[in-house]
Every structure is written in structure tokens, then in C-alpha cells.
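S.K.: My questions all concern the structure below.
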Amino acid sequence: MIVSRRALIGGVAALGLAGPARGADFGAARYGRAMVIDGLSSLGALDPKAPGIADQLAAYRASGLTAIHQTVGAAGNTPGRYEETLRRIARYTRFIQALPDHLLHVRTAADLAAARASGRLGVIFGFQDTVPLETEAGRLDLFDVLGVRIVQLTYNKRNLVGDGCLEPGNAGLSDYGREVVAGLNARRMMVDASHAAQRTIAEAIAASTAPIAISHTGCRALNDVPRNTTDAELRALADKGGVAGIYFMPFLRASGQSRAGDVIRHIEHAVKVAGEDHVALGTDGGIRGVELNAEYAEGQRRFYEERKAMGIAAPGEAPDVFNLIPEYNEPARFLKLADDLAARGWPARRIEKLLGVNFARLCADVWGR
């Protein structure tokens, strides 16, 4: 259903989205010096000559982000995923190369430090599915050379590596999946278990000789849906030195629009379970804020219906629920979150770990310094 702008904004206001009472803030100055990483985000349009590119680059700067994990791999069990992935990598590489004063392709932990020091936005290439490998784990050599640093094992459904979170069988990793995990370890590429079934997550953590990421997830103890991660897996992840990124997605609550309080609940629960050294942020959204109008609402409805038709819409997604947090619907969303956490009594050093220190440490542990 298309809604008017007035009705939409009124509905958002009716959700009671006011943040916590203001106390001490984290502060813009400290935020400007921090390592800030979004464990899954998106650069947006990839035309360096587009009329809106100046606004897009301004959003990068305003975000205060040091780096983002950008999906460059194709997903889904359809033909041509390998070829499409090569085309996407080429497009992202050309875009970064066209804007060297603004963007930096991150391949090492040292590149993260270089991005922060230079004020450029670091871009970490990643996959959200292993289908581009098809039956050839050896293709990891090519993707390693092309600068892919993170590889997610499954995307909701079953593939040759293992079961995604929407598969009722929950069969875990296949023998080929264990070969892929070993291949990622050998090449010092990061294993990501987001979108995976519970057994796939548990077996990936156990099989990997390096710590892994669950780059964008929530806590299943707070909302029991397949896209969220159980406490047992959060503990196992932490025990191996891994990191879970909390997303800004509908799966944070049982129904209705997720909001700031839901993000904070999931962050604080994850910290309680896994420890403050093993929780990060992975919004699964873009950098720029969006205008919450009727056009956006209609786009969300179409997006959901397409995913439903493909069988990849997960419980918690809905045609009238936005994949964002209204209070944090702006480029500097992490600064607002940091201020909200400071107002709840979080010490600055813990906030800095959440913002990016933890994810950067994981990158160094896996990739080397």
C-alpha cells in the first residue's frame, strides 16, 4: 500500500523513537579520531561522473567511517554467478581507482590504518555467498589476488558449502564446505558465517583455524528468528577470537519497525554473552540516509515481494518495515549511537571497541598486519 509522506512520518513518530535521556556524550572529536568500521554496508552508486557523486562523497566524509565491508560477490543458486562476480569486482575496482583521494581498497590491516590517517573511506571486498566458486575451491586463489578479503559461506538457502539459515534441515557444513573453510584459512581470507544455519555457524567456528566473523546478525535470545545467532554460537565465536556485528535490520524485534532501543538491546546482550572484545557493528545498509517518503515505502514493498518470490525473504522481513533504524537514518549514525551508549554509562574505550577496534583486530588476526 502506498502511503502519504504525512502518514508515513506520523507513523514513525508514533513509534516512540525518542532516544535515551541525554547525559554525557561520546563526542564528535573523539569519534573523529576513532577506528570506525561498518561490518557490512554499501558504497551506493558506482558512477564517478554521476551528477550526484558530490553528495555521495560528502556522505562518506560525514559518516566518519574508516572502512566498510562491501559485497562484491553475486549470490543465489542461479547460473552465471562466477562471471557476474568478476564483472562486479571490476566495477568496484574501477570506481575506487577513479576516486583515489576519497577511497582506498583495503587488503591488509595496515590499509585500515592508512585509510584512517588519510581521511579516505576504506573498502573491504567481500562475498555474501560461496556460489561464485561453483565446485572449484581453487578459485579462491583468483579472488584473493583480486582483493577479496571476506567470504560468507551461505546466503539463507543451501549451497554446496552448507545450509543457510532458512533451510529446515539445518545440515551444517558439507565436506566441500570444510575444504572451502580450509582454503580460506590457508589464504588468510576471513570466514563469515552470517546468514548461515545454526549448525553451519557452529561447525564453521570449530573447523576454522582462524577466528571468524558473523559480520551482520542479531541475538536469537532476544528475537527467535533464523537470521539471528544463538548465545551458544556467540560464546563459541568469542572463545575462538571472533567478532559478531549487530545489524540495523527488522530482525531485532518480533514485529514492527526496529528502532534505536532494539539496536542497543542486542548490542548489550551480545556484549554480556560474548564479551566487549567480540562485538562490532554491521548495519547491512547504505551510508547515506534516506528520505522516508511514499516512494521509499513503495520501493520497500517491491523489494520484499521480489525476495519473497525468490524464496530468500527471512522471517522478520515485511513489506511495510524498513531495513534501517529511523533514529540513525543519517551518515553519522554511528556517532549518534556512540552518544546514546555514552548516555547509558558506557565508557569511551568500550564504545571504541564496538565502533571498529574489535573488527580491526579481527582483520589483523586473520589477514596479518
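Residues in the C-alpha cells are named by chain (A, B, ... in the order shown) and by number from 1 within that chain; ligands are numbered from 1 in the order shown.
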Write out as a list in words the set of residues from stretch 159-301 of chain A that DSSP, computed on the backbone, places in strand (DSSP E or B).
M.R.: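 DSSP on the backbone gives strand (DSSP E or B) at Gly162, Gly164, Leu173, Met190, Val191, Asp192, Ala196, Ala213, Ile214, Ser215, His216, Thr217, Cys219, Thr229, Val243, Ala244, Gly245, Ile246, Val279, Ala280, Leu281, Gly285 and Gly286 of chain A.
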S.K.: What does the structure give for the distance between atom CA of A:Phe322 and atom CA of A:Ser258, in Å to one decimal?
M.R.: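 Here the two named atoms are 8.1 Å from each other.
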S.K.: Mind checking DSSP for stretch 80-149 of chain A and telling me the alpha helix (DSSP H) residues as a PyMOL selection string?
M.R.: chain A and resi 81-98+109-118+140-145
S.K.: I'd like a table as a tab-separated table: residues in stretch 59-135 of chain A with an atom no more than 7 Å from stretch 21-45 of chain A, each row giving the shortest atom pair and its distance in Å to one decimal, only C-alpha atoms counted, sorted by chain and rising residue number.
M.R.:
residue	atom	partner	partner_atom	distance
A:Gly64	CA	A:Gly32	CA	6.3
A:Leu65	CA	A:Val36	CA	5.0
A:Thr66	CA	A:Val36	CA	5.0
A:Ala67	CA	A:Ile37	CA	4.9
A:Ile68	CA	A:Asp38	CA	4.8
A:His69	CA	A:Leu40	CA	4.7
A:Gln70	CA	A:Ser42	CA	5.5
A:Arg116	CA	A:Met35	CA	6.9
S.K.: What would the file look like if the residues just selected were written as a PDB file, in the first residue's frame with N, CA and C atoms?
M.R.:
ATOM      1  N   GLY A  64      32.056   9.616   9.005  1.00  0.00           N
ATOM      2  CA  GLY A  64      33.150   9.347   9.928  1.00  0.00           C
ATOM      3  C   GLY A  64      33.671   7.923   9.852  1.00  0.00           C
ATOM      4  N   LEU A  65      33.235   7.175   8.858  1.00  0.00           N
ATOM      5  CA  LEU A  65      33.653   5.781   8.727  1.00  0.00           C
ATOM      6  C   LEU A  65      35.102   5.685   8.266  1.00  0.00           C
ATOM      7  N   THR A  66      35.841   4.770   8.880  1.00  0.00           N
ATOM      8  CA  THR A  66      37.173   4.425   8.408  1.00  0.00           C
ATOM      9  C   THR A  66      37.079   3.454   7.245  1.00  0.00           C
ATOM     10  N   ALA A  67      36.185   2.481   7.343  1.00  0.00           N
ATOM     11  CA  ALA A  67      36.068   1.448   6.317  1.00  0.00           C
ATOM     12  C   ALA A  67      34.704   0.795   6.381  1.00  0.00           C
ATOM     13  N   ILE A  68      34.330   0.182   5.258  1.00  0.00           N
ATOM     14  CA  ILE A  68      33.134  -0.645   5.193  1.00  0.00           C
ATOM     15  C   ILE A  68      33.486  -1.979   4.539  1.00  0.00           C
ATOM     16  N   HIS A  69      32.731  -2.996   4.883  1.00  0.00           N
ATOM     17  CA  HIS A  69      32.772  -4.280   4.184  1.00  0.00           C
ATOM     18  C   HIS A  69      31.725  -4.206   3.084  1.00  0.00           C
ATOM     19  N   GLN A  70      32.175  -4.232   1.841  1.00  0.00           N
ATOM     20  CA  GLN A  70      31.322  -4.079   0.669  1.00  0.00           C
ATOM     21  C   GLN A  70      31.156  -5.416  -0.041  1.00  0.00           C
ATOM     22  N   ARG A 116      42.324   5.536   7.774  1.00  0.00           N
ATOM     23  CA  ARG A 116      42.009   6.465   8.856  1.00  0.00           C
ATOM     24  C   ARG A 116      42.941   7.671   8.831  1.00  0.00           C
TER      25      ARG A 116
END
S.K.: Between stretch 99-211 of chain A and stretch 281-294 of chain A, at 12 Å or less, what are the per-residue closest atom pairs and their distances in Å? Count only C-alpha atoms, order by chain and rising residue number, and return it as CSV.
M.R.:
residue,atom,partner,partner_atom,distance
A:Leu121,CA,A:Ile287,CA,11.1
A:Gln128,CA,A:Asp284,CA,11.2
A:Asp192,CA,A:Gly282,CA,11.9
A:Ser194,CA,A:Gly282,CA,10.4
A:His195,CA,A:Asp284,CA,11.7
S.K.: Just want the 8 Å neighbourhood of A:Leu160, counted on only C-alpha atoms, with same-chain residues fewer than 5 positions away dropped. Output as a list of chain:residue names.
M.R.: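 What passes the distance filter is A:Val131, A:Glu134, A:Thr135, A:Ser174, A:Tyr176, A:Gly177.
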S.K.: Generate the output file for the selected residues, all heavy atoms, as a compact mmCIF listing (two decimals), in the first residue's frame.
M.R.:
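Heads up, here's the output in part.txt:
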# COMPACT_ATOMS: atom_id res chain seq x y z
N VAL A 131 28.70 -19.26 -3.85
CA VAL A 131 28.32 -19.79 -5.16
C VAL A 131 29.25 -19.36 -6.29
O VAL A 131 29.36 -20.10 -7.28
CB VAL A 131 26.85 -19.46 -5.50
CG1 VAL A 131 25.90 -20.20 -4.57
CG2 VAL A 131 26.59 -17.96 -5.44
N GLU A 134 31.51 -22.07 -7.41
CA GLU A 134 30.90 -23.26 -8.01
C GLU A 134 31.51 -24.50 -7.33
O GLU A 134 31.42 -24.63 -6.12
CB GLU A 134 31.07 -23.22 -9.54
CG GLU A 134 30.31 -22.04 -10.14
CD GLU A 134 30.44 -21.91 -11.63
OE1 GLU A 134 31.45 -22.39 -12.21
OE2 GLU A 134 29.53 -21.31 -12.25
N THR A 135 32.13 -25.40 -8.09
CA THR A 135 32.70 -26.61 -7.48
C THR A 135 34.21 -26.53 -7.33
O THR A 135 34.86 -27.52 -7.04
CB THR A 135 32.37 -27.84 -8.34
OG1 THR A 135 32.93 -27.67 -9.65
CG2 THR A 135 30.87 -28.05 -8.45
N SER A 174 29.13 -29.11 4.54
CA SER A 174 29.44 -30.30 3.75
C SER A 174 30.95 -30.55 3.78
O SER A 174 31.73 -29.72 4.28
CB SER A 174 29.00 -30.08 2.30
OG SER A 174 29.78 -29.05 1.71
N TYR A 176 32.75 -30.46 1.16
CA TYR A 176 33.26 -29.38 0.32
C TYR A 176 33.34 -28.07 1.12
O TYR A 176 34.28 -27.29 0.96
CB TYR A 176 32.35 -29.20 -0.90
CG TYR A 176 32.74 -28.06 -1.81
CD1 TYR A 176 33.96 -28.04 -2.47
CD2 TYR A 176 31.88 -26.98 -1.99
CE1 TYR A 176 34.30 -26.99 -3.30
CE2 TYR A 176 32.21 -25.92 -2.82
CZ TYR A 176 33.43 -25.93 -3.48
OH TYR A 176 33.78 -24.87 -4.29
N GLY A 177 32.35 -27.84 1.98
CA GLY A 177 32.39 -26.65 2.82
C GLY A 177 33.62 -26.62 3.72
O GLY A 177 34.24 -25.56 3.91
S.K.: Neighbours of A:Gly241 within 8 Å (only C-alpha atoms; same-chain residues fewer than 4 positions away dropped), as a list in words?
M.R.: Pro211, Ile212, Leu237, His278 and Leu362 of chain A
S.K.: Please produce an output containing N, CA and C atoms for each residue in the selection, written as a compact mmCIF listing (two decimals), in the first residue's frame.
M.R.:
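Output below, filename part-v2.txt:
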# COMPACT_ATOMS: atom_id res chain seq x y z
N PRO A 211 40.11 -17.15 13.75
CA PRO A 211 38.82 -16.61 14.21
C PRO A 211 37.98 -16.17 13.02
N ILE A 212 36.66 -16.22 13.17
CA ILE A 212 35.77 -15.87 12.08
C ILE A 212 34.87 -14.71 12.48
N LEU A 237 32.02 -18.34 19.20
CA LEU A 237 32.70 -17.36 18.34
C LEU A 237 33.74 -16.59 19.14
N HIS A 278 34.36 -8.72 21.49
CA HIS A 278 33.92 -9.60 20.40
C HIS A 278 32.62 -9.15 19.76
N LEU A 362 40.25 -8.20 14.52
CA LEU A 362 39.96 -9.45 13.82
C LEU A 362 40.63 -9.45 12.45
S.K.: So what do you get for atom CA of A:Val243 versus atom CA of A:Ala75, distance-wise?
M.R.: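 So the answer is 22.9 Å.
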S.K.: So that I can check the surroundings of A:Gly311, please list as a ChimeraX atom specification every protein, DNA and RNA residue that reaches within 9 Å of it, counting only C-alpha atoms and ignoring chain neighbours fewer than 4 positions away.
M.R.: /A:157,306-307
S.K.: Suppose we keep C-alpha atoms; can you now write the selection as a PDB file, in the first residue's frame?
M.R.:
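Final file, part29.pdb:
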ATOM      1  CA  LYS A 157      19.471 -21.142   1.395  1.00  0.00           C
ATOM      2  CA  GLU A 306      10.860  -9.817  -5.026  1.00  0.00           C
ATOM      3  CA  ARG A 307      12.714 -11.520  -2.175  1.00  0.00           C
TER       4      ARG A 307
END
S.K.: Which one of A:Thr78, A:Ser255, A:Gln300, A:Thr209 sits closest to A:Asn159 if you count only C-alpha atoms?
M.R.: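 So, comparing all the options, the nearest one is A:Thr78.
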S.K.: Please list as a PyMOL selection string every residue within 8 Å of stretch 196-204 of chain A, counting only C-alpha atoms and excluding residues in the same chain fewer than 2 positions away.
M.R.: chain A and resi 153-156+162-167+170-173+178+181+193-194+206-208+226-227+229-230+233+236
S.K.: Between atom CA of A:Val366 and atom CA of A:Met190, what is the distance, to one decimal in Å?
M.R.: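 A separation of 6.2 Å between them.
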S.K.: Within 8 Å of A:Ala74, counting only C-alpha atoms, which residues show up once you throw out same-chain ones fewer than 4 positions away? Write them as an mmCIF file with N, CA and C atoms, in the first residue's frame, please.
M.R.:
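Final file, out_39.cif:
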data_model
loop_
_atom_site.group_PDB
_atom_site.id
_atom_site.type_symbol
_atom_site.label_atom_id
_atom_site.label_comp_id
_atom_site.auth_asym_id
_atom_site.auth_seq_id
_atom_site.Cartn_x
_atom_site.Cartn_y
_atom_site.Cartn_z
ATOM 1 N N ARG A 81 26.929 -17.067 -11.722
ATOM 2 C CA ARG A 81 27.356 -16.319 -10.536
ATOM 3 C C ARG A 81 28.856 -16.002 -10.560
ATOM 4 N N TYR A 82 29.652 -16.898 -11.110
ATOM 5 C CA TYR A 82 31.095 -16.667 -11.215
ATOM 6 C C TYR A 82 31.384 -15.484 -12.137
ATOM 7 N N GLU A 84 29.307 -13.124 -13.160
ATOM 8 C CA GLU A 84 28.749 -11.886 -12.623
ATOM 9 C C GLU A 84 29.622 -11.316 -11.518
ATOM 10 N N THR A 85 30.197 -12.175 -10.704
ATOM 11 C CA THR A 85 31.083 -11.705 -9.636
ATOM 12 C C THR A 85 32.319 -11.020 -10.208
ATOM 13 N N ARG A 88 31.319 -7.608 -11.266
ATOM 14 C CA ARG A 88 31.115 -6.702 -10.118
ATOM 15 C C ARG A 88 32.449 -6.262 -9.526
ATOM 16 N N PHE A 127 32.271 -11.401 -0.112
ATOM 17 C CA PHE A 127 31.181 -12.178 -0.699
ATOM 18 C C PHE A 127 30.127 -12.421 0.369
ATOM 19 N N GLN A 128 28.853 -12.523 -0.055
ATOM 20 C CA GLN A 128 27.799 -12.981 0.839
ATOM 21 C C GLN A 128 27.302 -14.371 0.454
ATOM 22 N N ASP A 129 28.080 -15.088 -0.322
ATOM 23 C CA ASP A 129 27.719 -16.443 -0.744
ATOM 24 C C ASP A 129 28.968 -17.047 -1.373
ATOM 25 N N VAL A 131 28.704 -19.257 -3.852
ATOM 26 C CA VAL A 131 28.318 -19.789 -5.157
ATOM 27 C C VAL A 131 29.247 -19.362 -6.294
ATOM 28 N N PRO A 132 29.962 -18.208 -6.229
ATOM 29 C CA PRO A 132 30.899 -17.905 -7.314
ATOM 30 C C PRO A 132 32.022 -18.933 -7.452
#
